[in-house]
$ cat my_file_4.pdb   # PDB, C-alpha atoms and all ligand atoms
ATOM      1  CA  MET A   1     -11.895   1.284  43.108  1.00  0.00           C
ATOM      2  CA  THR A   2     -10.052   0.404  46.264  1.00  0.00           C
ATOM      3  CA  GLY A   3     -10.532  -2.757  48.270  1.00  0.00           C
ATOM      4  CA  PHE A   4      -9.212  -4.545  51.307  1.00  0.00           C
ATOM      5  CA  VAL A   5      -6.102  -6.680  51.451  1.00  0.00           C
ATOM      6  CA  LEU A   6      -7.905  -9.307  53.562  1.00  0.00           C
ATOM      7  CA  PRO A   7     -11.546 -10.410  53.656  1.00  0.00           C
ATOM      8  CA  LEU A   8     -13.729  -8.155  55.819  1.00  0.00           C
ATOM      9  CA  PRO A   9     -14.221  -9.498  59.358  1.00  0.00           C
ATOM     10  CA  ALA A  10     -17.668 -10.831  60.186  1.00  0.00           C
ATOM     11  CA  THR A  11     -19.974  -8.330  61.887  1.00  0.00           C
ATOM     12  CA  PRO A  12     -20.576  -9.374  65.497  1.00  0.00           C
ATOM     13  CA  SER A  13     -24.245  -9.678  66.351  1.00  0.00           C
ATOM     14  CA  VAL A  14     -26.807 -10.798  68.921  1.00  0.00           C
ATOM     15  CA  ALA A  15     -30.036 -12.717  68.376  1.00  0.00           C
ATOM     16  CA  VAL A  16     -33.336 -10.854  68.529  1.00  0.00           C
ATOM     17  CA  ALA A  17     -36.099 -12.596  70.460  1.00  0.00           C
ATOM     18  CA  GLY A  18     -38.826 -13.991  68.241  1.00  0.00           C
ATOM     19  CA  SER A  19     -37.133 -12.845  65.036  1.00  0.00           C
ATOM     20  CA  PRO A  20     -34.826 -14.342  62.401  1.00  0.00           C
ATOM     21  CA  GLU A  21     -33.073 -10.951  62.214  1.00  0.00           C
ATOM     22  CA  ARG A  22     -30.058 -10.126  64.349  1.00  0.00           C
ATOM     23  CA  PHE A  23     -28.775  -6.973  66.055  1.00  0.00           C
ATOM     24  CA  ALA A  24     -25.384  -5.918  64.668  1.00  0.00           C
ATOM     25  CA  VAL A  25     -23.030  -5.045  67.526  1.00  0.00           C
ATOM     26  CA  ARG A  26     -20.651  -2.098  67.321  1.00  0.00           C
ATOM     27  CA  ARG A  27     -19.080  -1.557  70.762  1.00  0.00           C
ATOM     28  CA  ILE A  28     -19.614  -2.918  74.271  1.00  0.00           C
ATOM     29  CA  PHE A  29     -19.528  -0.575  77.248  1.00  0.00           C
ATOM     30  CA  CYS A  30     -19.788  -1.919  80.794  1.00  0.00           C
ATOM     31  CA  VAL A  31     -20.556  -0.166  84.076  1.00  0.00           C
ATOM     32  CA  GLY A  32     -18.081  -1.036  86.811  1.00  0.00           C
ATOM     33  CA  ARG A  33     -20.248  -0.969  89.919  1.00  0.00           C
ATOM     34  CA  ASN A  34     -23.936  -0.264  89.893  1.00  0.00           C
ATOM     35  CA  TYR A  35     -25.644  -2.187  92.684  1.00  0.00           C
ATOM     36  CA  ALA A  36     -25.140  -1.046  96.260  1.00  0.00           C
ATOM     37  CA  ALA A  37     -24.670  -4.536  97.686  1.00  0.00           C
ATOM     38  CA  HIS A  38     -22.137  -5.598  95.035  1.00  0.00           C
ATOM     39  CA  ALA A  39     -20.177  -2.363  95.491  1.00  0.00           C
ATOM     40  CA  ARG A  40     -20.122  -3.078  99.224  1.00  0.00           C
ATOM     41  CA  GLU A  41     -18.899  -6.653  98.742  1.00  0.00           C
ATOM     42  CA  LEU A  42     -15.979  -5.233  96.756  1.00  0.00           C
ATOM     43  CA  GLY A  43     -15.337  -2.588  99.454  1.00  0.00           C
ATOM     44  CA  ASN A  44     -16.483   0.555  97.660  1.00  0.00           C
ATOM     45  CA  ASP A  45     -18.579   3.597  98.518  1.00  0.00           C
ATOM     46  CA  GLU A  46     -21.956   3.129  96.838  1.00  0.00           C
ATOM     47  CA  ARG A  47     -22.213   6.865  96.137  1.00  0.00           C
ATOM     48  CA  ASP A  48     -19.227   6.875  93.762  1.00  0.00           C
ATOM     49  CA  PRO A  49     -20.160   8.108  90.291  1.00  0.00           C
ATOM     50  CA  PRO A  50     -20.345   5.354  87.662  1.00  0.00           C
ATOM     51  CA  PHE A  51     -17.300   4.408  85.649  1.00  0.00           C
ATOM     52  CA  PHE A  52     -17.004   2.420  82.455  1.00  0.00           C
ATOM     53  CA  PHE A  53     -14.778  -0.144  80.829  1.00  0.00           C
ATOM     54  CA  THR A  54     -15.136  -1.816  77.439  1.00  0.00           C
ATOM     55  CA  LYS A  55     -15.050  -5.146  75.694  1.00  0.00           C
ATOM     56  CA  PRO A  56     -14.501  -5.665  71.968  1.00  0.00           C
ATOM     57  CA  GLY A  57     -17.726  -5.911  69.969  1.00  0.00           C
ATOM     58  CA  ASP A  58     -16.759  -9.396  68.863  1.00  0.00           C
ATOM     59  CA  ALA A  59     -16.543 -10.595  72.486  1.00  0.00           C
ATOM     60  CA  VAL A  60     -20.307 -11.041  72.262  1.00  0.00           C
ATOM     61  CA  VAL A  61     -21.631 -14.587  71.976  1.00  0.00           C
ATOM     62  CA  ASP A  62     -25.180 -15.898  71.942  1.00  0.00           C
ATOM     63  CA  ALA A  63     -26.336 -17.380  75.251  1.00  0.00           C
ATOM     64  CA  VAL A  64     -29.665 -18.843  74.376  1.00  0.00           C
ATOM     65  CA  VAL A  65     -32.280 -21.035  76.007  1.00  0.00           C
ATOM     66  CA  ASP A  66     -34.676 -21.215  73.098  1.00  0.00           C
ATOM     67  CA  ALA A  67     -33.782 -23.824  70.485  1.00  0.00           C
ATOM     68  CA  ALA A  68     -35.572 -21.632  67.938  1.00  0.00           C
ATOM     69  CA  VAL A  69     -32.638 -19.225  67.914  1.00  0.00           C
ATOM     70  CA  GLY A  70     -29.863 -21.709  68.645  1.00  0.00           C
ATOM     71  CA  SER A  71     -29.031 -24.831  70.555  1.00  0.00           C
ATOM     72  CA  GLY A  72     -27.552 -23.480  73.761  1.00  0.00           C
ATOM     73  CA  THR A  73     -23.989 -22.267  74.007  1.00  0.00           C
ATOM     74  CA  THR A  74     -20.783 -23.770  75.342  1.00  0.00           C
ATOM     75  CA  ILE A  75     -17.737 -21.543  75.587  1.00  0.00           C
ATOM     76  CA  PRO A  76     -14.252 -22.748  76.501  1.00  0.00           C
ATOM     77  CA  TYR A  77     -12.804 -21.888  79.902  1.00  0.00           C
ATOM     78  CA  PRO A  78     -10.582 -18.914  78.976  1.00  0.00           C
ATOM     79  CA  PRO A  79      -6.787 -18.869  79.303  1.00  0.00           C
ATOM     80  CA  LEU A  80      -4.663 -17.103  81.962  1.00  0.00           C
ATOM     81  CA  THR A  81      -7.156 -17.487  84.835  1.00  0.00           C
ATOM     82  CA  GLN A  82      -7.817 -19.767  87.777  1.00  0.00           C
ATOM     83  CA  ASN A  83     -10.779 -17.672  88.913  1.00  0.00           C
ATOM     84  CA  LEU A  84     -13.330 -17.028  86.170  1.00  0.00           C
ATOM     85  CA  HIS A  85     -16.333 -15.134  87.610  1.00  0.00           C
ATOM     86  CA  HIS A  86     -19.914 -14.698  86.441  1.00  0.00           C
ATOM     87  CA  GLU A  87     -21.654 -11.295  86.569  1.00  0.00           C
ATOM     88  CA  ILE A  88     -25.290 -11.306  85.420  1.00  0.00           C
ATOM     89  CA  GLU A  89     -26.378  -7.952  83.968  1.00  0.00           C
ATOM     90  CA  LEU A  90     -29.180  -6.139  82.183  1.00  0.00           C
ATOM     91  CA  VAL A  91     -27.891  -5.193  78.732  1.00  0.00           C
ATOM     92  CA  VAL A  92     -29.052  -2.010  76.996  1.00  0.00           C
ATOM     93  CA  ALA A  93     -28.955  -1.994  73.177  1.00  0.00           C
ATOM     94  CA  ILE A  94     -28.561   1.451  71.626  1.00  0.00           C
ATOM     95  CA  GLY A  95     -30.612   2.103  68.496  1.00  0.00           C
ATOM     96  CA  ARG A  96     -30.139   5.802  67.883  1.00  0.00           C
ATOM     97  CA  ALA A  97     -26.959   7.886  67.900  1.00  0.00           C
ATOM     98  CA  GLY A  98     -26.462  10.577  70.492  1.00  0.00           C
ATOM     99  CA  PHE A  99     -23.808  12.715  72.171  1.00  0.00           C
ATOM    100  CA  ARG A 100     -24.421  14.406  75.548  1.00  0.00           C
ATOM    101  CA  ILE A 101     -27.892  12.897  75.672  1.00  0.00           C
ATOM    102  CA  PRO A 102     -30.041  14.514  78.394  1.00  0.00           C
ATOM    103  CA  ARG A 103     -31.276  12.039  80.980  1.00  0.00           C
ATOM    104  CA  GLU A 104     -34.905  12.731  80.088  1.00  0.00           C
ATOM    105  CA  ARG A 105     -34.256  11.898  76.390  1.00  0.00           C
ATOM    106  CA  ALA A 106     -32.019   8.886  77.080  1.00  0.00           C
ATOM    107  CA  LEU A 107     -34.651   6.162  76.668  1.00  0.00           C
ATOM    108  CA  ASP A 108     -35.413   7.442  73.140  1.00  0.00           C
ATOM    109  CA  HIS A 109     -31.962   6.076  72.191  1.00  0.00           C
ATOM    110  CA  VAL A 110     -32.588   2.576  73.602  1.00  0.00           C
ATOM    111  CA  TRP A 111     -33.600  -0.007  70.973  1.00  0.00           C
ATOM    112  CA  GLY A 112     -34.024  -2.877  73.385  1.00  0.00           C
ATOM    113  CA  TYR A 113     -32.779  -4.955  76.281  1.00  0.00           C
ATOM    114  CA  GLY A 114     -31.038  -8.250  76.867  1.00  0.00           C
ATOM    115  CA  VAL A 115     -29.606 -10.482  79.563  1.00  0.00           C
ATOM    116  CA  GLY A 116     -25.822 -10.663  79.556  1.00  0.00           C
ATOM    117  CA  VAL A 117     -22.960 -12.131  81.534  1.00  0.00           C
ATOM    118  CA  ASP A 118     -19.877  -9.973  82.076  1.00  0.00           C
ATOM    119  CA  LEU A 119     -17.364 -12.813  82.331  1.00  0.00           C
ATOM    120  CA  THR A 120     -14.366 -11.710  84.372  1.00  0.00           C
ATOM    121  CA  ARG A 121     -10.928 -13.199  85.012  1.00  0.00           C
ATOM    122  CA  ARG A 122     -11.107 -12.050  88.638  1.00  0.00           C
ATOM    123  CA  ASP A 123      -7.535 -13.009  89.508  1.00  0.00           C
ATOM    124  CA  LEU A 124      -6.209 -10.838  86.675  1.00  0.00           C
ATOM    125  CA  GLN A 125      -8.540  -8.012  87.721  1.00  0.00           C
ATOM    126  CA  ASP A 126      -7.304  -8.183  91.320  1.00  0.00           C
ATOM    127  CA  GLU A 127      -3.693  -7.994  90.097  1.00  0.00           C
ATOM    128  CA  ALA A 128      -4.550  -5.076  87.791  1.00  0.00           C
ATOM    129  CA  LYS A 129      -6.231  -3.152  90.608  1.00  0.00           C
ATOM    130  CA  LYS A 130      -3.213  -3.619  92.897  1.00  0.00           C
ATOM    131  CA  ALA A 131      -0.791  -2.501  90.199  1.00  0.00           C
ATOM    132  CA  ALA A 132      -3.060   0.341  88.938  1.00  0.00           C
ATOM    133  CA  ARG A 133      -3.039  -1.292  85.499  1.00  0.00           C
ATOM    134  CA  PRO A 134      -5.865  -1.452  82.924  1.00  0.00           C
ATOM    135  CA  TRP A 135      -8.645  -4.037  83.229  1.00  0.00           C
ATOM    136  CA  ASP A 136      -8.568  -5.166  79.598  1.00  0.00           C
ATOM    137  CA  TRP A 137      -6.953  -8.560  80.208  1.00  0.00           C
ATOM    138  CA  SER A 138      -9.469  -9.315  82.961  1.00  0.00           C
ATOM    139  CA  LYS A 139     -12.578  -8.165  81.102  1.00  0.00           C
ATOM    140  CA  ALA A 140     -12.033  -7.982  77.346  1.00  0.00           C
ATOM    141  CA  PHE A 141     -11.094 -11.521  76.338  1.00  0.00           C
ATOM    142  CA  ASP A 142     -12.627 -13.722  73.627  1.00  0.00           C
ATOM    143  CA  ARG A 143     -16.284 -14.648  74.279  1.00  0.00           C
ATOM    144  CA  SER A 144     -16.309 -12.575  77.480  1.00  0.00           C
ATOM    145  CA  ALA A 145     -19.742 -11.080  76.721  1.00  0.00           C
ATOM    146  CA  PRO A 146     -22.391 -13.820  76.415  1.00  0.00           C
ATOM    147  CA  CYS A 147     -25.769 -12.229  75.732  1.00  0.00           C
ATOM    148  CA  GLY A 148     -29.264 -13.623  75.321  1.00  0.00           C
ATOM    149  CA  PRO A 149     -31.710 -12.605  72.598  1.00  0.00           C
ATOM    150  CA  LEU A 150     -32.522  -8.883  72.648  1.00  0.00           C
ATOM    151  CA  VAL A 151     -36.106  -7.782  73.211  1.00  0.00           C
ATOM    152  CA  PRO A 152     -37.207  -4.552  71.501  1.00  0.00           C
ATOM    153  CA  ALA A 153     -38.223  -1.893  74.017  1.00  0.00           C
ATOM    154  CA  GLN A 154     -41.431  -1.525  71.997  1.00  0.00           C
ATOM    155  CA  LYS A 155     -42.363  -4.975  73.330  1.00  0.00           C
ATOM    156  CA  SER A 156     -40.774  -4.995  76.799  1.00  0.00           C
ATOM    157  CA  GLY A 157     -41.268  -1.375  77.749  1.00  0.00           C
ATOM    158  CA  HIS A 158     -38.535   0.341  79.749  1.00  0.00           C
ATOM    159  CA  LEU A 159     -37.665  -1.421  82.978  1.00  0.00           C
ATOM    160  CA  GLU A 160     -37.344   0.246  86.361  1.00  0.00           C
ATOM    161  CA  LYS A 161     -37.668  -2.909  88.441  1.00  0.00           C
ATOM    162  CA  GLY A 162     -37.534  -6.635  88.001  1.00  0.00           C
ATOM    163  CA  ARG A 163     -35.579  -9.596  89.271  1.00  0.00           C
ATOM    164  CA  VAL A 164     -32.018 -10.124  87.990  1.00  0.00           C
ATOM    165  CA  TRP A 165     -30.762 -13.613  88.831  1.00  0.00           C
ATOM    166  CA  LEU A 166     -28.113 -16.185  88.022  1.00  0.00           C
ATOM    167  CA  ALA A 167     -27.747 -19.825  88.990  1.00  0.00           C
ATOM    168  CA  VAL A 168     -24.859 -22.262  88.577  1.00  0.00           C
ATOM    169  CA  ASP A 169     -26.004 -25.839  87.979  1.00  0.00           C
ATOM    170  CA  GLY A 170     -29.421 -24.795  89.260  1.00  0.00           C
ATOM    171  CA  GLU A 171     -28.192 -23.196  92.505  1.00  0.00           C
ATOM    172  CA  ILE A 172     -29.017 -19.482  92.838  1.00  0.00           C
ATOM    173  CA  ARG A 173     -25.871 -17.362  93.225  1.00  0.00           C
ATOM    174  CA  GLN A 174     -27.040 -13.861  92.275  1.00  0.00           C
ATOM    175  CA  ASP A 175     -30.511 -12.547  93.053  1.00  0.00           C
ATOM    176  CA  GLY A 176     -31.034  -8.797  92.735  1.00  0.00           C
ATOM    177  CA  ASP A 177     -33.542  -6.346  91.333  1.00  0.00           C
ATOM    178  CA  LEU A 178     -33.243  -3.554  88.794  1.00  0.00           C
ATOM    179  CA  ALA A 179     -34.787  -1.270  91.418  1.00  0.00           C
ATOM    180  CA  GLU A 180     -31.430  -1.547  93.262  1.00  0.00           C
ATOM    181  CA  LEU A 181     -29.463   0.051  90.416  1.00  0.00           C
ATOM    182  CA  ILE A 182     -27.510   2.986  91.853  1.00  0.00           C
ATOM    183  CA  TRP A 183     -27.551   4.579  88.391  1.00  0.00           C
ATOM    184  CA  PRO A 184     -30.670   3.499  86.426  1.00  0.00           C
ATOM    185  CA  VAL A 185     -30.672   3.061  82.648  1.00  0.00           C
ATOM    186  CA  PRO A 186     -31.448   6.710  81.705  1.00  0.00           C
ATOM    187  CA  ASP A 187     -28.538   7.933  83.858  1.00  0.00           C
ATOM    188  CA  ILE A 188     -26.149   5.322  82.455  1.00  0.00           C
ATOM    189  CA  VAL A 189     -27.011   6.133  78.824  1.00  0.00           C
ATOM    190  CA  SER A 190     -26.764   9.863  79.497  1.00  0.00           C
ATOM    191  CA  ILE A 191     -23.474   9.671  81.416  1.00  0.00           C
ATOM    192  CA  CYS A 192     -21.880   7.251  78.901  1.00  0.00           C
ATOM    193  CA  SER A 193     -22.807   9.656  76.084  1.00  0.00           C
ATOM    194  CA  GLU A 194     -20.830  12.432  77.755  1.00  0.00           C
ATOM    195  CA  ALA A 195     -17.639  10.491  77.020  1.00  0.00           C
ATOM    196  CA  VAL A 196     -18.404   9.107  73.563  1.00  0.00           C
ATOM    197  CA  GLU A 197     -21.032   9.561  70.884  1.00  0.00           C
ATOM    198  CA  LEU A 198     -23.227   6.508  71.279  1.00  0.00           C
ATOM    199  CA  ARG A 199     -24.104   4.844  67.969  1.00  0.00           C
ATOM    200  CA  PRO A 200     -26.612   2.199  66.845  1.00  0.00           C
ATOM    201  CA  GLY A 201     -25.236  -1.227  67.699  1.00  0.00           C
ATOM    202  CA  ASP A 202     -23.571  -0.175  70.937  1.00  0.00           C
ATOM    203  CA  LEU A 203     -24.369  -2.360  73.949  1.00  0.00           C
ATOM    204  CA  ILE A 204     -24.153  -1.234  77.564  1.00  0.00           C
ATOM    205  CA  PHE A 205     -23.783  -3.867  80.294  1.00  0.00           C
ATOM    206  CA  THR A 206     -25.306  -2.067  83.270  1.00  0.00           C
ATOM    207  CA  GLY A 207     -23.526  -3.715  86.213  1.00  0.00           C
ATOM    208  CA  THR A 208     -24.112  -6.772  88.360  1.00  0.00           C
ATOM    209  CA  PRO A 209     -25.890  -7.419  91.674  1.00  0.00           C
ATOM    210  CA  ALA A 210     -24.178  -9.106  94.641  1.00  0.00           C
ATOM    211  CA  GLY A 211     -23.189 -12.737  94.594  1.00  0.00           C
ATOM    212  CA  VAL A 212     -20.494 -12.895  91.922  1.00  0.00           C
ATOM    213  CA  GLY A 213     -18.395 -16.030  92.116  1.00  0.00           C
ATOM    214  CA  ALA A 214     -16.288 -18.612  90.347  1.00  0.00           C
ATOM    215  CA  ILE A 215     -17.426 -20.990  87.634  1.00  0.00           C
ATOM    216  CA  GLY A 216     -15.504 -23.884  86.165  1.00  0.00           C
ATOM    217  CA  PRO A 217     -15.442 -26.328  83.260  1.00  0.00           C
ATOM    218  CA  GLY A 218     -18.591 -28.402  82.987  1.00  0.00           C
ATOM    219  CA  GLU A 219     -20.748 -25.997  84.968  1.00  0.00           C
ATOM    220  CA  LYS A 220     -23.903 -24.518  83.490  1.00  0.00           C
ATOM    221  CA  ILE A 221     -25.000 -20.934  84.031  1.00  0.00           C
ATOM    222  CA  THR A 222     -28.660 -20.023  83.828  1.00  0.00           C
ATOM    223  CA  GLY A 223     -29.948 -16.540  84.478  1.00  0.00           C
ATOM    224  CA  GLY A 224     -32.520 -13.979  83.621  1.00  0.00           C
ATOM    225  CA  VAL A 225     -34.083 -10.573  83.948  1.00  0.00           C
ATOM    226  CA  ASP A 226     -37.816 -10.437  84.579  1.00  0.00           C
ATOM    227  CA  GLY A 227     -39.590  -9.075  81.521  1.00  0.00           C
ATOM    228  CA  ILE A 228     -36.653  -9.734  79.180  1.00  0.00           C
ATOM    229  CA  GLY A 229     -35.929 -13.433  79.234  1.00  0.00           C
ATOM    230  CA  GLU A 230     -33.469 -16.066  80.303  1.00  0.00           C
ATOM    231  CA  ILE A 231     -30.061 -17.275  79.218  1.00  0.00           C
ATOM    232  CA  GLU A 232     -28.170 -20.534  79.329  1.00  0.00           C
ATOM    233  CA  LEU A 233     -24.434 -20.976  79.019  1.00  0.00           C
ATOM    234  CA  THR A 234     -22.102 -23.902  79.691  1.00  0.00           C
ATOM    235  CA  ILE A 235     -18.412 -23.494  80.464  1.00  0.00           C
ATOM    236  CA  GLY A 236     -16.370 -26.033  78.519  1.00  0.00           C
ATOM    237  CA  GLN A 237     -12.834 -27.331  78.813  1.00  0.00           C
ATOM    238  CA  PRO A 238      -9.967 -24.792  78.603  1.00  0.00           C
ATOM    239  CA  GLY A 239      -9.395 -23.318  75.170  1.00  0.00           C
ATOM    240  CA  PRO A 240      -8.869 -20.088  73.250  1.00  0.00           C
TER     241      PRO A 240
HETATM  242 MN    MN B 301     -19.852  -6.293  85.387  1.00  0.00          MN
END
$ encode --input "my_file_4.pdb" --output "structure tokens" --more "lines below"
Ligand code: MN
Amino acid sequence: MTGFVLPLPATPSVAVAGSPERFAVRRIFCVGRNYAAHARELGNDERDPPFFFTKPGDAVVDAVVDAAVGSGTTIPYPPLTQNLHHEIELVVAIGRAGFRIPRERALDHVWGYGVGVDLTRRDLQDEAKKAARPWDWSKAFDRSAPCGPLVPAQKSGHLEKGRVWLAVDGEIRQDGDLAELIWPVPDIVSICSEAVELRPGDLIFTGTPAGVGAIGPGEKITGGVDGIGEIELTIGQPGP
């Protein structure tokens, strides 16, 4: 019998709303631009096809409101940035494997939905864009993917519209609607599956509406997606 030279790493996971069970996370895919207004604020043509970047599966961290599944989350302000940005997003949780999934079958592969924040070191991203370098250091850092409890699609249904919002210390900064998605969930799942075989445990962050901005130590993020739930996340002092 063979073994491993070091203990196996913990499996990253996200809470499931109303359940003691958790959703084991495999990979995290993120859509770069998916709301017309946010694409415009970054100076892009809203008709561009979607593109993807990734975060490590273990970048996920619970961002909970409900004390039943946790006590609220504080994450340290990450290193190497002076301009940490919030991006509130609908998160799609994949429950069934598929490669080259047709758009009209795509929702069969969705286990559920969540509310996530694609934390971004915007200064590093701006430098990467200018130098035509990868986005990893701006997007794929530790705890860069806070996510609220997932809701099974059997309970929530599949969402075509609904408010997507984020506030910092109670002040609304992002206020969009899923109806504004340039590429809705079935398209995103289908197009992502052309590049990789999606597997159970994969999460897809579907892009953020307009209003992204900086957050700093001591500030509290709240946010939500109508029909899915709300999140709460505090940014702590700088740390790893
Ligand atoms: Mn994003």
$ atom_distance --input "my_file_4.pdb" --atom1 "CA of Ile204 (chain A)" --atom2 "CA of Leu8 (chain A)"
25.1 Å
$ closest_residue --input "my_file_4.pdb" --among "A:Asp58, A:Asp202, A:Glu89, A:Glu171" --to "Arg33 (chain A)" --atoms "only C-alpha atoms"
A:Glu89
$ atom_distance --input "my_file_4.pdb" --atom1 "CA of Thr120 (chain A)" --atom2 "atom MN of ligand MN 301 (chain B)"
7.8 Å
$ resolve_selection --input "my_file_4.pdb" --expression "the PyMOL selection byres (((chain A and resi 138-142) around 12) and not hetatm)" --output "PyMOL selection string"
chain A and resi 27-32+52-61+75-87+117-129+133-137+143-146+239-240
$ residues_near_point --input "my_file_4.pdb" --point "(-29.2, 4.7, 71.0)" --cutoff "10 Å" --atoms "only C-alpha atoms" --output "list in words"
Val92, Ala93, Ile94, Gly95, Arg96, Ala97, Gly98, Phe99, Ile101, Ala106, Leu107, Asp108, His109, Val110, Trp111, Gly112, Val189, Ser193, Glu197, Leu198, Arg199, Pro200, Gly201, Asp202 and Leu203 of chain A
$ closest_residue --input "my_file_4.pdb" --among "A:Leu90, A:Ala10, A:Val16, A:Leu178" --to "ligand MN 301 (chain B)" --atoms "only C-alpha atoms and all ligand atoms"
A:Leu90
$ atom_distance --input "my_file_4.pdb" --atom1 "CA of Glu194 (chain A)" --atom2 "CA of Glu160 (chain A)"
22.3 Å
$ closest_residue --input "my_file_4.pdb" --among "A:Leu233, A:Cys192, A:Val25, A:Cys147" --to "Pro217 (chain A)" --atoms "only C-alpha atoms"
A:Leu233
$ build_atoms --input "my_file_4.pdb" --residues "region 198-212 of chain A" --atoms "N, CA, C and O atoms" --output "short mmCIF file (atom, residue, chain, number, x, y, z; two decimals), keeping the file's coordinate frame"
data_model
loop_
_atom_site.label_atom_id
_atom_site.label_comp_id
_atom_site.auth_asym_id
_atom_site.auth_seq_id
_atom_site.Cartn_x
_atom_site.Cartn_y
_atom_site.Cartn_z
N LEU A 198 -22.64 7.84 71.42
CA LEU A 198 -23.23 6.51 71.28
C LEU A 198 -23.77 6.35 69.87
O LEU A 198 -24.27 7.31 69.27
N ARG A 199 -23.68 5.13 69.34
CA ARG A 199 -24.10 4.84 67.97
C ARG A 199 -24.97 3.59 67.96
O ARG A 199 -24.85 2.73 68.84
N PRO A 200 -25.83 3.44 66.95
CA PRO A 200 -26.61 2.20 66.84
C PRO A 200 -25.69 0.99 66.84
O PRO A 200 -24.67 0.99 66.16
N GLY A 201 -26.06 -0.02 67.59
CA GLY A 201 -25.24 -1.23 67.70
C GLY A 201 -24.41 -1.27 68.97
O GLY A 201 -23.86 -2.32 69.31
N ASP A 202 -24.29 -0.15 69.66
CA ASP A 202 -23.57 -0.18 70.94
C ASP A 202 -24.41 -0.90 72.00
O ASP A 202 -25.63 -0.72 72.07
N LEU A 203 -23.73 -1.71 72.80
CA LEU A 203 -24.37 -2.36 73.95
C LEU A 203 -23.79 -1.78 75.22
O LEU A 203 -22.60 -1.45 75.28
N ILE A 204 -24.63 -1.65 76.24
CA ILE A 204 -24.15 -1.23 77.56
C ILE A 204 -24.55 -2.30 78.57
O ILE A 204 -25.74 -2.56 78.78
N PHE A 205 -23.55 -2.95 79.17
CA PHE A 205 -23.78 -3.87 80.29
C PHE A 205 -23.87 -3.00 81.55
O PHE A 205 -22.94 -2.25 81.85
N THR A 206 -24.98 -3.09 82.28
CA THR A 206 -25.31 -2.07 83.27
C THR A 206 -24.82 -2.36 84.69
O THR A 206 -25.15 -1.61 85.61
N GLY A 207 -24.03 -3.41 84.88
CA GLY A 207 -23.53 -3.72 86.21
C GLY A 207 -24.23 -4.91 86.81
O GLY A 207 -25.32 -5.30 86.36
N THR A 208 -23.61 -5.51 87.83
CA THR A 208 -24.11 -6.77 88.36
C THR A 208 -24.49 -6.66 89.83
O THR A 208 -23.85 -5.92 90.59
N PRO A 209 -25.55 -7.38 90.25
CA PRO A 209 -25.89 -7.42 91.67
C PRO A 209 -24.92 -8.31 92.46
O PRO A 209 -24.06 -8.95 91.87
N ALA A 210 -25.07 -8.33 93.77
CA ALA A 210 -24.18 -9.11 94.64
C ALA A 210 -24.25 -10.58 94.30
O ALA A 210 -25.20 -11.07 93.70
N GLY A 211 -23.19 -11.29 94.73
CA GLY A 211 -23.19 -12.74 94.59
C GLY A 211 -22.29 -13.27 93.50
O GLY A 211 -22.38 -14.45 93.14
N VAL A 212 -21.41 -12.41 92.95
CA VAL A 212 -20.49 -12.90 91.92
C VAL A 212 -19.64 -14.02 92.51
O VAL A 212 -19.39 -14.07 93.71
#
